[in-house]
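J.: For reference, the structure I am asking about is given below.
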Amino acid sequence: MTNINPIRFGITGYNRPEEKQVIQEKPEQKKENRKEQKQVGQEEVLSFLSMQNVDVIPKTTKTFNVSKYVTAEQEARITEFMKGFEADFENASAIAKEEFPNIEQRTADNIALAFINATY
């Protein structure tokens with residue numbers, strides 16, 4: 001008489017002979033049902049990946065009516081702050097370019113931005 005649900009007490013590697021036959025038959029069935037997949041060249045894969053970042057719809061620039069969102073005195077204060085920020089940025093960029101003459105302008109701008117982020 002066989003047990004329907006045997007208690008194994010932690011023994012997990014025990015299989016009855018009937019279970020082994022079922023396990024052995026399954027891989028053969030999987031091999032027969034496997035369909036051949038189309039091989040894709042590396043150029044096709046790379047072109048697909050590069051096209052994922054391309055925008056289909058062209059980007060448009062939006063213009064905002066600032067007076068709709070802020071008052072006139074807030075707009076003047078923001079404008080004055082931005083003028084000071086741009087002056088500080090250009091000054092820090094010029095100093096970085098003067099200190100390291102062999103670096104590119106983009107690198108000098110990054111140094112200036114890091115300086116402004118640390119001091120503002």
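Residue numbering restarts at 1 in every chain; chains get A, B, ... in the order shown in the structure tokens, and ligands count up from 1 in that same order.
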Find the residues near segment 71-88 of chain A: any atom within 10 Å, counting only C-alpha atoms, skip ones fewer than 2 places away on the same chain, and give them as a PyMOL selection string.

T.: chain A and resi 66-69+90-94+112-113+115-116+120

J.: How would the residues just chosen look if you wrote them out with C-alpha atoms as a short mmCIF file (atom, residue, chain, number, x, y, z; two decimals), in the first residue's frame?

T.:
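What landed in part30.cif:
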```cif
data_model
loop_
_atom_site.label_atom_id
_atom_site.label_comp_id
_atom_site.auth_asym_id
_atom_site.auth_seq_id
_atom_site.Cartn_x
_atom_site.Cartn_y
_atom_site.Cartn_z
CA VAL A 66 5.22 85.04 -16.48
CA SER A 67 2.80 87.74 -15.37
CA LYS A 68 0.09 85.09 -15.26
CA TYR A 69 1.92 83.25 -12.44
CA GLU A 90 30.46 83.61 -15.84
CA ASN A 91 32.98 84.91 -13.29
CA ALA A 92 33.54 81.46 -11.74
CA SER A 93 33.84 79.90 -15.21
CA ALA A 94 36.44 82.49 -16.24
CA ALA A 112 31.73 76.89 -11.95
CA LEU A 113 28.36 75.21 -11.43
CA PHE A 115 31.23 76.07 -7.00
CA ILE A 116 27.90 77.89 -7.18
CA TYR A 120 24.64 79.50 -2.87
#
```

J.: Find the spatial neighbours of Ala108 of chain A, counting only C-alpha atoms, within a cut-off of 7 Å - ignore same-chain residues fewer than 3 positions away - and output them as a ChimeraX atom specification.

T.: /A:93,96-97,103-105,111-112

J.: Just to be explicit: take each residue in the selection above, keep all heavy atoms, and write the result as an mmCIF file, in the first residue's frame.

T.:
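part_16.cif was written with the following content:
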```
data_model
loop_
_atom_site.group_PDB
_atom_site.id
_atom_site.type_symbol
_atom_site.label_atom_id
_atom_site.label_comp_id
_atom_site.auth_asym_id
_atom_site.auth_seq_id
_atom_site.Cartn_x
_atom_site.Cartn_y
_atom_site.Cartn_z
ATOM 1 N N SER A 93 33.385 80.634 -14.035
ATOM 2 C CA SER A 93 33.843 79.897 -15.209
ATOM 3 C C SER A 93 35.141 80.494 -15.752
ATOM 4 O O SER A 93 36.063 79.771 -16.130
ATOM 5 C CB SER A 93 32.761 79.897 -16.288
ATOM 6 O OG SER A 93 33.204 79.216 -17.430
ATOM 7 N N ALA A 96 37.968 79.490 -13.430
ATOM 8 C CA ALA A 96 38.353 78.087 -13.633
ATOM 9 C C ALA A 96 39.160 77.932 -14.915
ATOM 10 O O ALA A 96 40.156 77.201 -14.951
ATOM 11 C CB ALA A 96 37.110 77.204 -13.682
ATOM 12 N N LYS A 97 38.757 78.631 -15.974
ATOM 13 C CA LYS A 97 39.476 78.558 -17.253
ATOM 14 C C LYS A 97 40.861 79.193 -17.118
ATOM 15 O O LYS A 97 41.823 78.722 -17.714
ATOM 16 C CB LYS A 97 38.656 79.252 -18.337
ATOM 17 C CG LYS A 97 39.193 79.095 -19.714
ATOM 18 C CD LYS A 97 39.007 77.684 -20.209
ATOM 19 C CE LYS A 97 39.413 77.641 -21.679
ATOM 20 N NZ LYS A 97 39.533 76.301 -22.176
ATOM 21 N N ILE A 103 41.820 73.010 -20.043
ATOM 22 C CA ILE A 103 40.521 72.346 -20.008
ATOM 23 C C ILE A 103 39.562 72.980 -21.015
ATOM 24 O O ILE A 103 39.748 74.115 -21.453
ATOM 25 C CB ILE A 103 39.907 72.376 -18.587
ATOM 26 C CG1 ILE A 103 39.644 73.818 -18.126
ATOM 27 C CG2 ILE A 103 40.764 71.617 -17.611
ATOM 28 C CD1 ILE A 103 38.892 73.902 -16.822
ATOM 29 N N GLU A 104 38.537 72.225 -21.369
ATOM 30 C CA GLU A 104 37.523 72.730 -22.290
ATOM 31 C C GLU A 104 36.577 73.679 -21.554
ATOM 32 O O GLU A 104 36.496 73.670 -20.323
ATOM 33 C CB GLU A 104 36.720 71.571 -22.861
ATOM 34 C CG GLU A 104 37.529 70.634 -23.713
ATOM 35 C CD GLU A 104 36.705 69.464 -24.231
ATOM 36 O OE1 GLU A 104 35.475 69.451 -23.997
ATOM 37 O OE2 GLU A 104 37.295 68.595 -24.867
ATOM 38 N N GLN A 105 35.823 74.451 -22.319
ATOM 39 C CA GLN A 105 34.884 75.402 -21.730
ATOM 40 C C GLN A 105 33.775 74.686 -20.960
ATOM 41 O O GLN A 105 33.343 75.138 -19.907
ATOM 42 C CB GLN A 105 34.273 76.294 -22.816
ATOM 43 C CG GLN A 105 33.370 77.382 -22.283
ATOM 44 C CD GLN A 105 34.114 78.350 -21.365
ATOM 45 O OE1 GLN A 105 35.260 78.691 -21.624
ATOM 46 N NE2 GLN A 105 33.460 78.768 -20.303
ATOM 47 N N ILE A 111 32.797 73.121 -13.413
ATOM 48 C CA ILE A 111 33.477 73.525 -12.178
ATOM 49 C C ILE A 111 32.783 74.742 -11.572
ATOM 50 O O ILE A 111 32.564 74.811 -10.360
ATOM 51 C CB ILE A 111 34.971 73.814 -12.459
ATOM 52 C CG1 ILE A 111 35.685 72.506 -12.820
ATOM 53 C CG2 ILE A 111 35.638 74.471 -11.268
ATOM 54 C CD1 ILE A 111 37.088 72.695 -13.338
ATOM 55 N N ALA A 112 32.413 75.699 -12.426
ATOM 56 C CA ALA A 112 31.726 76.895 -11.954
ATOM 57 C C ALA A 112 30.375 76.543 -11.334
ATOM 58 O O ALA A 112 29.986 77.078 -10.294
ATOM 59 C CB ALA A 112 31.540 77.886 -13.112
#
```

J.: Rounded to one decimal in Å, what is the spacing between atom CA of Phe100 of chain A and atom CA of Thr119 of chain A?

T.: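 Going from atom CA of Phe100 of chain A over to atom CA of Thr119 of chain A covers 20.6 Å.
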